[in-house]
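Here the structure is laid out as structure tokens; the discussion comes afterwards.
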Amino acid sequence: MRRRFLAQASLAAAAIAATRTRPAAAQAPVEIQFWHGLAQPLGGQLEVIVAAFNASQQGVKVVPSFRGSYPETMVAAIAAFRANAAPHVVQMFEVGTGTMMAAGRAVKPVYELLAEAGVSIDFNDYLPAVRGYYQASDGRQMSMPFNSSTATMFYNKDHFKRAGLDPEMPPKTWEELAEAIKKLKAAGIASPMTTSWPAWVQVEQVSAIHNIPLASLGNGFDGLGATMQVNNPVMVRHMNNLIAWQKDGLFKYGGRDNAADALFPAGEVSLTMASSSLRARLLRESRFAWGTAMLPYYSDVAGAPRNSIIGGASFWALNRGPSGGRNAAEWKGVAEFYRYLSQPEIDAKWHMDTGYVPVRRASYQVAKSQGFYEKNPGTEVAIEQLLRGGETTPNTRGIRLGGYVEIRNIIQEEMEKSFQGQQNGQQAMEAVTQRANTVLRNFERQNRG
Amino acid sequence: MRKTVFKGTALPLLLLAPQLVITAIFFLWPAGAAIWQSLLQEDPWGMSSQFVGIRNFTEVLAEPEWRGAAYNTLIFSTAVAVLAMGTALFLAVQADKSIRGANIYRTLLIWPYAVAPAVAAVLWLFLFHPSIGLVGRALNEAGIAWDYKLNGNQAMLLIIVAAAWKQVSYNFIFFLAGLQSIPRAVLEAAAIDGAKPVRRFWTIILPLLSPTAFFLLVVNLVYAFFDTFGVIHALTGGGPGKATETLIYKVYVEGVQNVNLGSSSAQSVILMILVIALTAVQFRFIERKVHY
């Protein structure tokens with residue numbers, strides 16, 4: 001065993017010496033600990049990519065490790081950092097971005113990491129809605145975008161036919177959608193509409209698509225002093241619609257986060273709004289014809305519709321602990337890993353295998369040139385929606401609020417109270433604003449010093 | 001009883017050492033750390049920390065959400081203790097009778113105790129989920145609008161029943177043992193004097209069971225306060241709204257989900273004080289009425 005290892009190491013050393021024409025001591029590859037939060041099958045697909053990277057070179061070995069759901073991975077990384085045992089790279093969901101941005105010395109920003117390692121990645125080629133979500137307000141790249149999704153609408157074509165609706169013409173606006181769900185109800189569908197990720201889809205996406213701020217200071221991009229601004233007429237009107245539809249049995253609240261995912265493939269509802277990555281499950285489970293469409297908008301709101309915002313996760317490089325503790329070789333290894341991930345071929349394959357969106361324009365072209373979108377109708381909707389309206393605005397870049405995990409739960413709680421009939425849309429949005437502001441001020445206080 | 005008196009202090013200390021070490025490592029140390037943390041304000045990464053005195057406590061106690069959780073805990077623990085103890089006592093009295101296959105009943109009744117809280121919660125979920133649960137679907141088809149995902153009272157009812165179900169077995173074992181230790185002669189004498197079963201239960205069995213019942217009351221309240229996290233987490237996640245968020249669940253949400261360590265520690269210190277006070281009150285006032 002030991003002899004074999006030595007033989008491999010000396011071979012590797014010889015290879016390095018041969019290609020770089022500089023002497024290298026026989027040494028083990030640099031180990032990069034990589035924690036991710038993707039369950040099967042996605043986690044396995046991610047680990048295949050990691051294995052391919054390890055096989056592509058000898059100097060760096062990335063060791064992937066599944067750490068539970070996204071929130072669990074985030075907490076595990078924070079706890080490990082406090083114990084001086086943080087992983088080199090951690091996959092962090094987009095909701096945790098605000099907390100990571102404020103983490104200061106705990107994280108190694110991507111731009112700094114790449115510059116020190118002499119590796120370049122063309123971030124200008126990344127989709128603006130993806131790249132911008134993970135940039136500092138001055139445009140420096142803070143984390144490495146990888147698996148990004150966005151919300152789209154899925155609808156049951158068989159139900160549409162039964163209700164006399166054109167199955168090739170899904171509703172484009174909320175006004176059309178209101179008509180459609182009434183017809184579906186009249187055709188005997190008990191609850192025509194539901195939504196997954198209530199806070200992400202019905203509050204964050206609705207704000208971005210109508211180009212209205214969710215919070216001040218550019219949704220928090222320009223500082224920790226941001227205040228919540230969801231108590232605006234568009235959001236209140238939308239909440240009141242959902243509450244009224246819920247009361248009339250047109251809309252069914254299916255639970256927090258992605259709990260409602262199961263309702264659509266089971267044929268219980270006619271249309272749902274969910275992550276574009278729900279596609280894989282629909283292919284496997286649905287026993288009916290279905291289509292994909294963009295999220296609706298209110299046609300009388302000026303400037304709508306704009307691009308939707310992303311979900312999913314990005315990769316953050318972490319210091320070992322509060323006193324730093326990484327050497328240049330380790331950072332260089334992380335930079336090499338990032339360069340590998342940024343290749344359009346790798347990204348395009350990930351996109352086509354999983355239902356996440358391509359994060360680069362070049363990867364989008366790769367998928368196009370392979371005829372992926374002709375063979376798989378509906379898969380392009382998410383990308384078109386992300387690119388809708390050209391460059392992003394301060395309201396459509398994304399959300400950069402500290403403690404946002406908590407704020408998302410506050411939004412879901414207040415929506416639940418509304419659907420129980422305890423409050424109207426105005427009261428719900430006022431309550432969200434007030435409770436979220438407490439969280440924001442607390443976060444600001446914690447991160448000032 | 002024979003008393004053994006040790007000479008010196010070294011040997012007794014040595015014999016006690018394992019227990020003392022375990023108490024120190026698993027109770028005193030974390031409790032001490034929680035108290036210290038509750039006086040600090042820290043960012044999630046632990047890079048800047050500042051002593052803020054009792055500010056975390058005053059802020060927690062002023063929160064309407066915390067008061068809501070305290071109210072939920074009151075309802076929840078009382079209901080769980082009453083339901084779990086009442087059911088267990090009823091079953092124990094039935095299983096104590098001379099019936100065919102009593103041993104099988106007893107064994108089956110003890111089973112739920114071996115089920116992990118999260119697994120128990122999943123079983124209840126598969127029964128009562130409004131769209132995938134057997135009972136949940138049946139209720140909706142029968143015209144009862146059952147949706148614990150959106151109806152706070154139904155959610156509370158569900159976690160009370162699920163948490164109590166888990167605890168019935170434990171209570172059952174103790175009640176059964178208590179019943180079996182009641183001298184038969186006393187019951188037979190009462191029967192000969194003409195006391196009917198119901199009267200025998202209230203005047204003989206229950207008073208003689210009171211030490212067991214008192215012990216179980218303390219254990220059940222502590223269970224409802226601390227050990228029901230798994231059931232709540234898997235069934236309702238504290239929702240809908242905050243309808244099923246108990247104090248212990250709020251400690252988890254604040255500390256683990258929101259990484260707000262100061263506030264979370266302050267809440268767990270308050271919880272610790274509450275439970276110590278509750279137990280002290282129970283021993284002080286209720287134990288007087290207990291016959292040993």
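Residue numbering restarts at 1 in every chain; chains get A, B, ... in the order shown in the structure tokens, and ligands count up from 1 in that same order.
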Please report as a tab-separated table every residue of chain A lying within 7 Å of chain B, along with the nearest atom pair and their distance in Å (one decimal), using only C-alpha atoms.
residue	atom	partner	partner_atom	distance
A:Pro71	CA	B:Gln257	CA	6.9
A:Val75	CA	B:Val256	CA	6.7
A:Ile78	CA	B:Trp45	CA	5.9
A:Phe81	CA	B:Trp45	CA	7.0
A:Arg82	CA	B:Gly46	CA	6.2
A:Ala103	CA	B:Trp45	CA	6.8
A:Gly255	CA	B:Lys149	CA	6.2
A:Pro322	CA	B:Met47	CA	6.1
A:Gly403	CA	B:Asn258	CA	6.6
A:Val405	CA	B:Asn258	CA	6.6
A:Glu406	CA	B:Asn258	CA	5.7
A:Glu413	CA	B:Gly241	CA	3.9
A:Glu414	CA	B:Gly241	CA	6.2
A:Glu416	CA	B:Gly241	CA	5.3
A:Lys417	CA	B:Gly241	CA	5.5
A:Gln420	CA	B:Leu150	CA	6.3
A:Gln446	CA	B:Asp43	CA	4.9
A:Asn447	CA	B:Asp43	CA	5.8
A:Gly449	CA	B:Ser48	CA	6.4
Please dump the current selection as an mmCIF file, in the first residue's frame; keep N, CA and C atoms.
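Just written: result_17.cif:
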data_model
loop_
_atom_site.group_PDB
_atom_site.id
_atom_site.type_symbol
_atom_site.label_atom_id
_atom_site.label_comp_id
_atom_site.auth_asym_id
_atom_site.auth_seq_id
_atom_site.Cartn_x
_atom_site.Cartn_y
_atom_site.Cartn_z
ATOM 1 N N PRO A 71 -30.026 24.898 5.208
ATOM 2 C CA PRO A 71 -29.866 25.578 6.505
ATOM 3 C C PRO A 71 -28.960 24.790 7.449
ATOM 4 N N VAL A 75 -25.441 26.161 9.199
ATOM 5 C CA VAL A 75 -25.176 26.163 10.635
ATOM 6 C C VAL A 75 -23.950 25.303 10.963
ATOM 7 N N ILE A 78 -20.848 27.302 10.195
ATOM 8 C CA ILE A 78 -20.613 28.349 11.195
ATOM 9 C C ILE A 78 -20.054 27.738 12.476
ATOM 10 N N PHE A 81 -16.497 26.697 11.949
ATOM 11 C CA PHE A 81 -15.608 27.856 11.929
ATOM 12 C C PHE A 81 -15.290 28.309 13.351
ATOM 13 N N ARG A 82 -16.312 28.332 14.190
ATOM 14 C CA ARG A 82 -16.093 28.760 15.581
ATOM 15 C C ARG A 82 -15.176 27.787 16.301
ATOM 16 N N ALA A 103 -19.780 38.485 6.841
ATOM 17 C CA ALA A 103 -18.936 37.629 7.678
ATOM 18 C C ALA A 103 -17.486 38.090 7.725
ATOM 19 N N GLY A 255 -48.290 24.707 2.332
ATOM 20 C CA GLY A 255 -47.258 24.592 3.356
ATOM 21 C C GLY A 255 -46.019 25.400 3.014
ATOM 22 N N PRO A 322 -11.469 31.747 13.321
ATOM 23 C CA PRO A 322 -11.349 33.190 13.540
ATOM 24 C C PRO A 322 -9.929 33.735 13.364
ATOM 25 N N GLY A 403 -29.724 37.920 8.211
ATOM 26 C CA GLY A 403 -30.789 37.226 8.942
ATOM 27 C C GLY A 403 -31.961 36.877 8.049
ATOM 28 N N VAL A 405 -32.802 34.190 6.527
ATOM 29 C CA VAL A 405 -33.447 32.895 6.804
ATOM 30 C C VAL A 405 -34.638 33.140 7.728
ATOM 31 N N GLU A 406 -34.396 33.960 8.732
ATOM 32 C CA GLU A 406 -35.445 34.275 9.706
ATOM 33 C C GLU A 406 -36.562 35.094 9.058
ATOM 34 N N GLU A 413 -44.930 32.854 8.016
ATOM 35 C CA GLU A 413 -45.825 32.842 9.177
ATOM 36 C C GLU A 413 -46.962 33.837 8.997
ATOM 37 N N GLU A 414 -46.625 35.052 8.521
ATOM 38 C CA GLU A 414 -47.671 36.064 8.384
ATOM 39 C C GLU A 414 -48.638 35.699 7.257
ATOM 40 N N GLU A 416 -49.448 32.614 6.555
ATOM 41 C CA GLU A 416 -50.299 31.576 7.147
ATOM 42 C C GLU A 416 -51.390 32.197 8.008
ATOM 43 N N LYS A 417 -51.019 33.243 8.768
ATOM 44 C CA LYS A 417 -52.033 33.896 9.599
ATOM 45 C C LYS A 417 -53.120 34.515 8.719
ATOM 46 N N GLN A 420 -55.485 31.920 7.435
ATOM 47 C CA GLN A 420 -56.390 31.442 8.478
ATOM 48 C C GLN A 420 -57.513 32.435 8.720
ATOM 49 N N GLN A 446 -25.204 43.416 15.580
ATOM 50 C CA GLN A 446 -24.220 42.339 15.784
ATOM 51 C C GLN A 446 -22.993 42.503 14.916
ATOM 52 N N ASN A 447 -23.181 43.074 13.715
ATOM 53 C CA ASN A 447 -22.088 43.087 12.748
ATOM 54 C C ASN A 447 -21.401 44.438 12.624
ATOM 55 N N GLY A 449 -19.511 45.940 15.035
ATOM 56 C CA GLY A 449 -18.192 46.024 15.674
ATOM 57 C C GLY A 449 -17.236 44.922 15.279
#
Can you list, as a PyMOL selection string, every protein, DNA or RNA residue that comes within 8 Å of Pro64 of chain A when you count only C-alpha atoms, leaving out same-chain residues fewer than 4 positions away? chain A and resi 33-36+47+50
Taking the backbone alone, and naming residues the way the document does, which bits of segment 169-378 of chain A are helix (DSSP H, G or I) by DSSP, as a PyMOL selection string? chain A and resi 174-186+198-209+216-219+233-247+259-262+276-285+328-342+344-354+361-369+372-375
Would you mind exporting the chosen residues as a compact mmCIF listing (two decimals), in the first residue's frame, restricted to C-alpha atoms?
# COMPACT_ATOMS: atom_id res chain seq x y z
CA TRP A 174 -52.43 37.68 -12.87
CA GLU A 175 -55.68 39.01 -14.40
CA GLU A 176 -55.71 36.17 -16.94
CA LEU A 177 -54.74 33.72 -14.22
CA ALA A 178 -57.69 34.81 -12.06
CA GLU A 179 -60.05 34.08 -14.97
CA ALA A 180 -58.38 30.74 -15.66
CA ILE A 181 -58.60 29.42 -12.10
CA LYS A 182 -62.29 30.39 -11.94
CA LYS A 183 -62.95 28.38 -15.10
CA LEU A 184 -60.90 25.46 -13.75
CA LYS A 185 -62.91 25.53 -10.53
CA ALA A 186 -66.15 25.58 -12.52
CA PRO A 198 -44.47 31.04 -0.59
CA ALA A 199 -42.00 33.75 0.45
CA TRP A 200 -39.61 33.32 -2.47
CA VAL A 201 -42.27 33.01 -5.19
CA GLN A 202 -45.14 35.19 -3.96
CA VAL A 203 -43.15 37.98 -2.33
CA GLU A 204 -39.55 38.11 -3.59
CA GLN A 205 -40.32 37.16 -7.20
CA VAL A 206 -43.42 39.35 -7.36
CA SER A 207 -41.34 42.32 -6.14
CA ALA A 208 -38.58 41.72 -8.70
CA ILE A 209 -40.89 41.08 -11.65
CA SER A 216 -34.47 49.93 0.95
CA LEU A 217 -30.81 50.49 -0.03
CA GLY A 218 -31.27 48.38 -3.18
CA ASN A 219 -32.70 45.37 -1.33
CA PRO A 233 -49.62 48.78 -2.82
CA VAL A 234 -48.57 46.04 -5.29
CA MET A 235 -47.62 43.53 -2.59
CA VAL A 236 -50.72 44.33 -0.52
CA ARG A 237 -52.94 43.90 -3.57
CA HIS A 238 -51.27 40.58 -4.39
CA MET A 239 -51.68 39.30 -0.83
CA ASN A 240 -55.34 40.33 -0.80
CA ASN A 241 -55.84 38.42 -4.06
CA LEU A 242 -54.23 35.28 -2.64
CA ILE A 243 -56.31 35.58 0.53
CA ALA A 244 -59.51 36.01 -1.47
CA TRP A 245 -58.67 33.10 -3.78
CA GLN A 246 -57.87 30.92 -0.79
CA LYS A 247 -61.27 31.79 0.69
CA ALA A 259 -44.05 21.30 0.91
CA ALA A 260 -46.50 22.07 -1.91
CA ASP A 261 -44.28 20.41 -4.53
CA ALA A 262 -46.22 17.14 -4.16
CA SER A 276 -37.60 25.29 -12.15
CA SER A 277 -35.73 22.30 -10.72
CA LEU A 278 -39.12 20.67 -9.98
CA ARG A 279 -39.01 19.58 -13.63
CA ALA A 280 -37.05 16.38 -12.84
CA ARG A 281 -39.73 15.25 -10.42
CA LEU A 282 -42.54 16.07 -12.84
CA LEU A 283 -40.89 13.99 -15.55
CA ARG A 284 -40.74 11.07 -13.15
CA GLU A 285 -44.11 11.31 -11.41
CA ALA A 328 -1.43 29.75 -0.30
CA ALA A 329 -1.45 26.18 -1.63
CA GLU A 330 -4.91 25.58 -0.19
CA TRP A 331 -6.33 28.79 -1.68
CA LYS A 332 -4.69 27.91 -4.98
CA GLY A 333 -6.40 24.51 -4.86
CA VAL A 334 -9.77 26.17 -4.29
CA ALA A 335 -9.10 28.52 -7.22
CA GLU A 336 -8.31 25.57 -9.50
CA PHE A 337 -11.55 23.88 -8.41
CA TYR A 338 -13.51 27.05 -9.25
CA ARG A 339 -11.86 27.32 -12.65
CA TYR A 340 -12.88 23.74 -13.40
CA LEU A 341 -16.49 24.42 -12.36
CA SER A 342 -16.68 27.58 -14.48
CA PRO A 344 -19.16 26.06 -20.02
CA GLU A 345 -19.14 22.32 -20.86
CA ILE A 346 -19.30 21.34 -17.17
CA ASP A 347 -21.98 23.92 -16.41
CA ALA A 348 -24.06 23.00 -19.47
CA LYS A 349 -23.99 19.31 -18.54
CA TRP A 350 -25.07 20.13 -14.97
CA HIS A 351 -27.92 22.27 -16.36
CA MET A 352 -29.11 19.57 -18.75
CA ASP A 353 -28.81 16.78 -16.17
CA THR A 354 -30.54 18.55 -13.29
CA ARG A 361 -24.24 32.55 -21.53
CA ALA A 362 -21.57 30.29 -23.03
CA SER A 363 -23.11 27.24 -21.31
CA TYR A 364 -26.54 28.29 -22.62
CA GLN A 365 -25.03 28.27 -26.12
CA VAL A 366 -23.51 24.83 -25.54
CA ALA A 367 -26.92 23.44 -24.54
CA LYS A 368 -28.55 25.19 -27.53
CA SER A 369 -26.00 23.86 -30.00
CA PHE A 372 -31.39 20.42 -25.86
CA TYR A 373 -34.24 22.94 -25.93
CA GLU A 374 -35.90 21.48 -29.06
CA LYS A 375 -35.77 18.03 -27.53
Enter the distance from atom CA of Lys161 of chain A to atom CA of Gly378 of chain A, in Å, rounded to one decimal.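 Taking atom CA of Lys161 of chain A as the start and atom CA of Gly378 of chain A as the end point, the length is 18.7 Å.
Between atom CA of Ala136 of chain A and atom CA of Thr73 of chain A the interatomic distance comes to 22.8 Å.
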Which residues are close to segment 133-135 of chain A, i.e. within 9 Å by only C-alpha atoms, leaving aside same-chain residues fewer than 3 positions away? Reply as a PyMOL selection string. chain A and resi 94+97+101+128-130+138-145+221+309-310+314+397-400
List the spatial neighbours of segment 261-278 of chain B as a PyMOL selection string - criterion: any atom at most 9 Å away, only C-alpha atoms, same-chain residues fewer than 5 positions off excluded. chain B and resi 31+33-44+54+56-57+59-61+66+218+221-222+225+247-248+250-256+283
Put those residues in a file: N, CA and C atoms, as a compact mmCIF listing (two decimals), in the first residue's frame.
# COMPACT_ATOMS: atom_id res chain seq x y z
N ALA B 31 -24.53 24.31 30.91
CA ALA B 31 -25.43 25.28 31.55
C ALA B 31 -24.66 26.57 31.83
N ALA B 33 -22.00 27.63 30.21
CA ALA B 33 -21.73 28.27 28.93
C ALA B 33 -22.96 29.02 28.44
N ALA B 34 -24.14 28.42 28.64
CA ALA B 34 -25.38 29.08 28.21
C ALA B 34 -25.59 30.38 28.99
N ILE B 35 -25.32 30.33 30.29
CA ILE B 35 -25.51 31.54 31.10
C ILE B 35 -24.54 32.63 30.63
N TRP B 36 -23.29 32.26 30.39
CA TRP B 36 -22.30 33.23 29.93
C TRP B 36 -22.70 33.79 28.57
N GLN B 37 -23.09 32.91 27.65
CA GLN B 37 -23.47 33.33 26.30
C GLN B 37 -24.69 34.25 26.33
N SER B 38 -25.57 34.04 27.32
CA SER B 38 -26.79 34.83 27.37
C SER B 38 -26.50 36.29 27.74
N LEU B 39 -25.28 36.56 28.18
CA LEU B 39 -24.94 37.93 28.54
C LEU B 39 -24.15 38.63 27.44
N LEU B 40 -23.96 37.92 26.31
CA LEU B 40 -23.13 38.48 25.24
C LEU B 40 -23.96 38.82 24.01
N GLN B 41 -23.41 39.73 23.21
CA GLN B 41 -23.95 39.95 21.88
C GLN B 41 -22.85 39.56 20.90
N GLU B 42 -23.16 38.64 19.98
CA GLU B 42 -22.13 38.11 19.10
C GLU B 42 -22.65 38.03 17.68
N ASP B 43 -21.74 38.18 16.70
CA ASP B 43 -22.12 37.89 15.32
C ASP B 43 -22.10 36.36 15.16
N PRO B 44 -22.77 35.84 14.11
CA PRO B 44 -22.85 34.38 13.99
C PRO B 44 -21.49 33.70 13.99
N ILE B 54 -27.88 42.20 30.93
CA ILE B 54 -29.13 41.44 30.83
C ILE B 54 -29.99 41.90 29.65
N ASN B 56 -30.22 40.86 26.59
CA ASN B 56 -30.88 39.75 25.90
C ASN B 56 -32.15 39.31 26.62
N PHE B 57 -32.09 39.32 27.95
CA PHE B 57 -33.24 38.88 28.74
C PHE B 57 -34.39 39.88 28.62
N GLU B 59 -34.96 41.95 26.29
CA GLU B 59 -35.53 41.94 24.94
C GLU B 59 -36.42 40.72 24.71
N VAL B 60 -35.95 39.56 25.20
CA VAL B 60 -36.75 38.34 25.03
C VAL B 60 -38.09 38.48 25.74
N LEU B 61 -38.05 38.95 26.98
CA LEU B 61 -39.29 39.02 27.75
C LEU B 61 -40.26 40.05 27.18
N TRP B 66 -42.31 35.67 22.13
CA TRP B 66 -41.89 34.82 23.25
C TRP B 66 -43.07 34.53 24.16
N VAL B 218 -44.25 15.09 37.43
CA VAL B 218 -42.99 15.82 37.23
C VAL B 218 -42.33 15.38 35.92
N LEU B 221 -44.26 16.61 32.79
CA LEU B 221 -44.11 18.04 32.50
C LEU B 221 -42.73 18.32 31.91
N VAL B 222 -41.72 17.68 32.48
CA VAL B 222 -40.37 17.88 31.94
C VAL B 222 -40.29 17.34 30.51
N PHE B 225 -41.99 19.77 28.22
CA PHE B 225 -41.18 20.97 28.05
C PHE B 225 -40.00 20.72 27.11
N LEU B 247 -41.69 26.93 23.93
CA LEU B 247 -40.46 27.62 24.35
C LEU B 247 -39.22 26.89 23.86
N ILE B 248 -39.21 25.56 23.98
CA ILE B 248 -38.01 24.82 23.59
C ILE B 248 -37.83 24.90 22.08
N LYS B 250 -38.72 27.38 20.22
CA LYS B 250 -38.25 28.73 19.93
C LYS B 250 -36.75 28.86 20.20
N VAL B 251 -36.26 28.19 21.23
CA VAL B 251 -34.82 28.19 21.51
C VAL B 251 -34.07 27.63 20.30
N TYR B 252 -34.61 26.55 19.73
CA TYR B 252 -33.99 25.94 18.56
C TYR B 252 -34.02 26.89 17.36
N VAL B 253 -35.20 27.46 17.10
CA VAL B 253 -35.33 28.35 15.95
C VAL B 253 -34.36 29.51 16.07
N GLU B 254 -34.30 30.10 17.26
CA GLU B 254 -33.46 31.28 17.46
C GLU B 254 -31.98 30.92 17.37
N GLY B 255 -31.60 29.80 17.98
CA GLY B 255 -30.18 29.46 18.07
C GLY B 255 -29.66 28.76 16.84
N VAL B 256 -30.40 27.76 16.36
CA VAL B 256 -29.87 26.91 15.29
C VAL B 256 -30.25 27.45 13.92
N PHE B 283 -42.74 19.96 44.43
CA PHE B 283 -42.29 19.24 45.61
C PHE B 283 -42.79 19.91 46.88
Counting only C-alpha atoms, what is within 7 Å of segment 286-295 of chain A, bar same-chain residues fewer than 3 positions away, as a PDB file with C-alpha atoms, in the first residue's frame?
ATOM      1  CA  THR A 152     -41.570  29.131 -13.022  1.00  0.00           C
ATOM      2  CA  MET A 153     -45.204  28.178 -13.439  1.00  0.00           C
ATOM      3  CA  PHE A 154     -46.169  24.591 -14.279  1.00  0.00           C
ATOM      4  CA  TYR A 155     -49.683  23.861 -15.543  1.00  0.00           C
ATOM      5  CA  ASN A 156     -51.724  20.755 -16.236  1.00  0.00           C
ATOM      6  CA  LYS A 157     -52.699  20.736 -19.933  1.00  0.00           C
ATOM      7  CA  ASP A 158     -55.338  18.043 -19.409  1.00  0.00           C
ATOM      8  CA  PRO A 170     -51.057  29.601 -20.286  1.00  0.00           C
ATOM      9  CA  PRO A 265     -47.520  15.903  -9.860  1.00  0.00           C
ATOM     10  CA  ALA A 266     -50.339  14.161  -7.940  1.00  0.00           C
ATOM     11  CA  LEU A 282     -42.542  16.068 -12.838  1.00  0.00           C
ATOM     12  CA  LEU A 283     -40.888  13.986 -15.550  1.00  0.00           C
ATOM     13  CA  GLY A 378     -40.168  24.206 -21.603  1.00  0.00           C
ATOM     14  CA  VAL A 381     -38.517  29.285 -20.017  1.00  0.00           C
ATOM     15  CA  GLN A 385     -37.379  34.723 -17.654  1.00  0.00           C
TER      16      GLN A 385
END
So the first atom is atom CA of Glu380 of chain A and the second is atom CA of Val359 of chain A; what is the distance between them in Å, to one decimal place?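 For atom CA of Glu380 of chain A relative to atom CA of Val359 of chain A, the distance reads 12.9 Å.
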Residue among A:Ser270, A:Asn319, A:Ser275, A:Thr393 lying closest to Phe160 of chain A, counting only C-alpha atoms: A:Ser270
Write down as a PyMOL selection string the residues of segment 7-185 of chain A whose backbone DSSP state falls under strand (DSSP E). chain A and resi 30-36+60-66+89-93+107-108+144-156
Produce a file of the selected residues containing C-alpha atoms, as a PDB file, in the first residue's frame.
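result.pdb written:
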ATOM      1  CA  VAL A  30      -3.571  19.412  -1.223  1.00  0.00           C
ATOM      2  CA  GLU A  31      -6.835  18.319   0.350  1.00  0.00           C
ATOM      3  CA  ILE A  32      -9.798  20.666   0.000  1.00  0.00           C
ATOM      4  CA  GLN A  33     -12.750  19.940   2.285  1.00  0.00           C
ATOM      5  CA  PHE A  34     -16.020  20.697   0.492  1.00  0.00           C
ATOM      6  CA  TRP A  35     -19.369  20.642   2.310  1.00  0.00           C
ATOM      7  CA  HIS A  36     -22.568  20.632   0.319  1.00  0.00           C
ATOM      8  CA  VAL A  60      -5.531  19.035  -5.560  1.00  0.00           C
ATOM      9  CA  LYS A  61      -7.971  16.574  -4.068  1.00  0.00           C
ATOM     10  CA  VAL A  62     -11.441  17.884  -3.242  1.00  0.00           C
ATOM     11  CA  VAL A  63     -13.216  15.817  -0.592  1.00  0.00           C
ATOM     12  CA  PRO A  64     -17.000  16.306  -0.825  1.00  0.00           C
ATOM     13  CA  SER A  65     -19.233  15.719   2.164  1.00  0.00           C
ATOM     14  CA  PHE A  66     -23.015  16.005   2.453  1.00  0.00           C
ATOM     15  CA  VAL A  89     -15.490  25.462   0.529  1.00  0.00           C
ATOM     16  CA  VAL A  90     -19.119  25.409   1.602  1.00  0.00           C
ATOM     17  CA  GLN A  91     -22.233  25.456  -0.538  1.00  0.00           C
ATOM     18  CA  MET A  92     -24.522  28.149   0.806  1.00  0.00           C
ATOM     19  CA  PHE A  93     -28.096  28.771  -0.296  1.00  0.00           C
ATOM     20  CA  VAL A 107     -14.791  34.286   4.088  1.00  0.00           C
ATOM     21  CA  LYS A 108     -12.243  34.584   1.305  1.00  0.00           C
ATOM     22  CA  MET A 144     -18.743  31.345  -6.883  1.00  0.00           C
ATOM     23  CA  PRO A 145     -22.146  30.882  -8.556  1.00  0.00           C
ATOM     24  CA  PHE A 146     -22.964  27.257  -9.251  1.00  0.00           C
ATOM     25  CA  ASN A 147     -26.427  25.747  -8.943  1.00  0.00           C
ATOM     26  CA  SER A 148     -29.004  28.411  -9.706  1.00  0.00           C
ATOM     27  CA  SER A 149     -32.690  27.995 -10.329  1.00  0.00           C
ATOM     28  CA  THR A 150     -35.587  30.360 -10.652  1.00  0.00           C
ATOM     29  CA  ALA A 151     -39.310  30.036 -10.124  1.00  0.00           C
ATOM     30  CA  THR A 152     -41.570  29.131 -13.022  1.00  0.00           C
ATOM     31  CA  MET A 153     -45.204  28.178 -13.439  1.00  0.00           C
ATOM     32  CA  PHE A 154     -46.169  24.591 -14.279  1.00  0.00           C
ATOM     33  CA  TYR A 155     -49.683  23.861 -15.543  1.00  0.00           C
ATOM     34  CA  ASN A 156     -51.724  20.755 -16.236  1.00  0.00           C
TER      35      ASN A 156
END
